[in-house]
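Some notes on the structure that comes next.
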Amino acid sequence: MKNILLIGGSYGIGYEIAAELQNNANIYVASRSNENLSKLKVNHIPFDVVNDKLDTSKLPDIIDGFVYCPGSINLRPFRGLKSENFENNMQLNFFSMVKVLQSILPQLLAAQQSSIVLFSSVAVKMGMPFHTSIAASKGAIEGFAKAFAAEYAPKIRVNVIAPSLTDTPLAEKFLSNEEKREKSAQRHPLKRIGKTQDIAQIAIFLLSEKSSWISGQLFNVDGGMSSLIVNS
């Protein structure tokens, strides 16, 4: 079976990916918490992505798939943001991902063809108010992914998923009551908010051999928000 490494996976999209793949792959989850993971057939590695160095001795010699799940939703007016807010978002969303990727590069190159899945945001394409910090860090991921995919083809494939607001613990404060949920749903042409399954399923596809001729691509999984204008 293939070896898949998830950074983050105790809840939300990462958990959904692990749950779907647990019977068909060897899953390694590196995260601060192992909450919920006892229910799954996974190998947990305690890891704080911002402060720790990943212990690669706990990983197999070959890694076939890598998914970087940590993210932030830091929505504030630009005038209310400090440089530290931008630095913190860049650290979590981008620099920590680069640090982990550098540490596991030999294992990724040892696979016949490995697949990396990263996460951006619909806000990078759309240009949304109060998203300057998150859009900057997620935009860095999109540019990095294309350059990395070109440099390491055909040995490593890299693709990016850009969701809109999805029903995860990270988005809880934006979906804390029915009024907020309904307003968010109505902003999307498909008239609902995203589910973890919506995002996990395309991530699983990109990790699989079914996507073996796909690399350097951005997939907007956003209820049509980034592409469609429809009547209310």
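Here, A, B, ... name the chains of the structure tokens in the order displayed, residue numbers run from 1 inside each chain, and ligands are numbered from 1 in the same displayed order.
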- Query: Hey, what's within 8 Å of Asn34 of chain A if we count only C-alpha atoms and toss same-chain stuff fewer than 4 positions away? As a ChimeraX atom specification, please?
  - Reply: /A:10,38,44,46
Go ahead and write the residues just picked, N, CA and C atoms, as a PDB file, in the first residue's frame.
```
ATOM      1  N   SER A  10      -6.286  15.795  12.631  1.00  0.00           N
ATOM      2  CA  SER A  10      -7.125  15.380  13.749  1.00  0.00           C
ATOM      3  C   SER A  10      -8.565  15.840  13.606  1.00  0.00           C
ATOM      4  N   SER A  38      -7.791   8.183  17.366  1.00  0.00           N
ATOM      5  CA  SER A  38      -7.866   6.836  17.927  1.00  0.00           C
ATOM      6  C   SER A  38      -8.955   6.011  17.254  1.00  0.00           C
ATOM      7  N   HIS A  44       0.163   8.211  14.355  1.00  0.00           N
ATOM      8  CA  HIS A  44       0.218   9.612  14.761  1.00  0.00           C
ATOM      9  C   HIS A  44       1.626   9.991  15.210  1.00  0.00           C
ATOM     10  N   PRO A  46       3.367  13.240  17.102  1.00  0.00           N
ATOM     11  CA  PRO A  46       3.180  14.547  17.740  1.00  0.00           C
ATOM     12  C   PRO A  46       4.052  15.605  17.062  1.00  0.00           C
TER      13      PRO A  46
END
```
- DSSP-assigned strand (DSSP E) among segment 16-187 of chain A, expressed as a VMD selection string: chain A and resid 25 to 31 43 to 46 65 to 68 114 to 119 156 to 163
- Among listed residues A:Gly65, A:Gly223, A:Gly14, A:Gly216, nearest Ile116 of chain A (using only C-alpha atoms): A:Gly65
- Message: Would you compute the distance between atom CA of Phe47 of chain A and atom CA of Ala30 of chain A? Give it in Å to one decimal.
- Response: 5.4 Å
- Message: Report, in Å with one decimal, the straight-line distance from atom CA of Asp55 of chain A to atom CA of Ile204 of chain A.
- Response: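 It comes out at 24.8 Å.
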- Item | Surrounding residues of Ile199 of chain A excluding itself and chain neighbours under 4 positions, 12 Å, only C-alpha atoms, as a ChimeraX atom specification | /A:12-17,20,69,117-121,160-168,193-195,203-206,219-223
Distance query Lys146 of chain A at most 12 Å, only C-alpha atoms, self and fewer than 4 positions along chain excluded, as a PDB file with N, CA and C atoms, in the first residue's frame:
```pdb
ATOM      1  N   ILE A 116       1.862  15.687  -4.226  1.00  0.00           N
ATOM      2  CA  ILE A 116       1.713  16.673  -3.160  1.00  0.00           C
ATOM      3  C   ILE A 116       0.409  17.430  -3.384  1.00  0.00           C
ATOM      4  N   VAL A 117      -0.360  17.596  -2.314  1.00  0.00           N
ATOM      5  CA  VAL A 117      -1.593  18.384  -2.364  1.00  0.00           C
ATOM      6  C   VAL A 117      -1.484  19.511  -1.343  1.00  0.00           C
ATOM      7  N   LEU A 118      -1.622  20.741  -1.811  1.00  0.00           N
ATOM      8  CA  LEU A 118      -1.562  21.926  -0.954  1.00  0.00           C
ATOM      9  C   LEU A 118      -2.899  22.657  -1.019  1.00  0.00           C
ATOM     10  N   GLY A 139      -1.577  32.955  -1.628  1.00  0.00           N
ATOM     11  CA  GLY A 139      -1.047  33.254  -2.958  1.00  0.00           C
ATOM     12  C   GLY A 139       0.378  32.759  -3.125  1.00  0.00           C
ATOM     13  N   ALA A 140       1.156  32.826  -2.045  1.00  0.00           N
ATOM     14  CA  ALA A 140       2.523  32.307  -2.076  1.00  0.00           C
ATOM     15  C   ALA A 140       2.520  30.810  -2.364  1.00  0.00           C
ATOM     16  N   ILE A 141       1.555  30.098  -1.807  1.00  0.00           N
ATOM     17  CA  ILE A 141       1.445  28.659  -2.043  1.00  0.00           C
ATOM     18  C   ILE A 141       1.195  28.374  -3.521  1.00  0.00           C
ATOM     19  N   GLU A 142       0.321  29.133  -4.140  1.00  0.00           N
ATOM     20  CA  GLU A 142       0.003  28.896  -5.557  1.00  0.00           C
ATOM     21  C   GLU A 142       1.229  29.092  -6.447  1.00  0.00           C
ATOM     22  N   ALA A 150       7.168  22.215 -11.751  1.00  0.00           N
ATOM     23  CA  ALA A 150       7.999  22.251 -12.955  1.00  0.00           C
ATOM     24  C   ALA A 150       9.392  21.710 -12.676  1.00  0.00           C
ATOM     25  N   GLU A 151       9.934  22.029 -11.509  1.00  0.00           N
ATOM     26  CA  GLU A 151      11.296  21.620 -11.181  1.00  0.00           C
ATOM     27  C   GLU A 151      11.409  20.118 -10.950  1.00  0.00           C
ATOM     28  N   TYR A 152      10.364  19.513 -10.379  1.00  0.00           N
ATOM     29  CA  TYR A 152      10.472  18.106  -9.989  1.00  0.00           C
ATOM     30  C   TYR A 152       9.661  17.150 -10.860  1.00  0.00           C
ATOM     31  N   ALA A 153       9.077  17.646 -11.943  1.00  0.00           N
ATOM     32  CA  ALA A 153       8.416  16.737 -12.891  1.00  0.00           C
ATOM     33  C   ALA A 153       9.480  15.884 -13.590  1.00  0.00           C
ATOM     34  N   ILE A 156       7.671  14.131  -9.081  1.00  0.00           N
ATOM     35  CA  ILE A 156       6.720  14.602  -8.069  1.00  0.00           C
ATOM     36  C   ILE A 156       5.659  15.456  -8.758  1.00  0.00           C
ATOM     37  N   ARG A 157       4.417  15.137  -8.490  1.00  0.00           N
ATOM     38  CA  ARG A 157       3.312  15.969  -8.960  1.00  0.00           C
ATOM     39  C   ARG A 157       2.874  16.892  -7.823  1.00  0.00           C
ATOM     40  N   VAL A 158       2.491  18.114  -8.160  1.00  0.00           N
ATOM     41  CA  VAL A 158       2.029  19.080  -7.157  1.00  0.00           C
ATOM     42  C   VAL A 158       0.772  19.757  -7.676  1.00  0.00           C
ATOM     43  N   ASN A 159      -0.273  19.736  -6.866  1.00  0.00           N
ATOM     44  CA  ASN A 159      -1.504  20.420  -7.216  1.00  0.00           C
ATOM     45  C   ASN A 159      -2.059  21.150  -5.998  1.00  0.00           C
ATOM     46  N   VAL A 160      -2.873  22.158  -6.257  1.00  0.00           N
ATOM     47  CA  VAL A 160      -3.403  23.023  -5.193  1.00  0.00           C
ATOM     48  C   VAL A 160      -4.928  23.034  -5.272  1.00  0.00           C
ATOM     49  N   ILE A 214      -1.756  14.789 -14.112  1.00  0.00           N
ATOM     50  CA  ILE A 214      -2.168  16.127 -13.663  1.00  0.00           C
ATOM     51  C   ILE A 214      -1.121  16.666 -12.698  1.00  0.00           C
ATOM     52  N   SER A 215      -0.562  17.822 -13.009  1.00  0.00           N
ATOM     53  CA  SER A 215       0.387  18.481 -12.115  1.00  0.00           C
ATOM     54  C   SER A 215       0.418  19.967 -12.397  1.00  0.00           C
ATOM     55  N   GLY A 216       0.735  20.744 -11.376  1.00  0.00           N
ATOM     56  CA  GLY A 216       0.841  22.187 -11.523  1.00  0.00           C
ATOM     57  C   GLY A 216      -0.493  22.888 -11.685  1.00  0.00           C
ATOM     58  N   GLN A 217      -1.560  22.256 -11.213  1.00  0.00           N
ATOM     59  CA  GLN A 217      -2.899  22.798 -11.433  1.00  0.00           C
ATOM     60  C   GLN A 217      -3.514  23.342 -10.142  1.00  0.00           C
ATOM     61  N   LEU A 218      -4.433  24.286 -10.333  1.00  0.00           N
ATOM     62  CA  LEU A 218      -5.212  24.861  -9.238  1.00  0.00           C
ATOM     63  C   LEU A 218      -6.663  24.459  -9.426  1.00  0.00           C
TER      64      LEU A 218
END
```
- Message: Which residue is closest to Ala149 of chain A? Choose from A:Ser115, A:Ser212, A:Tyr68, A:Asn93 and count only C-alpha atoms.
- Response: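 Of all the options, A:Ser115 lies closest to Ala149 of chain A.
Here atom CA of Lys53 of chain A and atom CA of Gln102 of chain A stand 11.1 Å from one another.
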- Task: Apply DSSP to the backbone of this structure and, from segment 4-231 of chain A, keep only the residues in alpha helix (DSSP H); write these as a PyMOL selection string.
- Result: chain A and resi 12-21+83-90+96-110+122-126+132-152+178-186+196-207
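Closest approach to Leu175 of chain A from the set A:Arg192, A:Arg32, A:Val230, A:Lys39 is made by A:Arg192, with distances taken over only C-alpha atoms.
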- Task: Rank nothing, just name the residue among A:Gly71, A:Gln197, A:Ile62, A:Pro77 nearest to Gln112 of chain A, using only C-alpha atoms.
- Result: A:Ile62
- Nearest residue to Glu87 of chain A from the set A:Ile134, A:Ile63, A:Met128, A:Ile27 (distances using only C-alpha atoms):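 Checking each candidate against Glu87 of chain A, we get A:Ile134 as the closest.
Residue nearest Lys138 of chain A within the list A:Glu178, A:Ile73, A:Lys191, A:Ile202: A:Ile73 [criterion: smallest interatomic distance, only C-alpha atoms].
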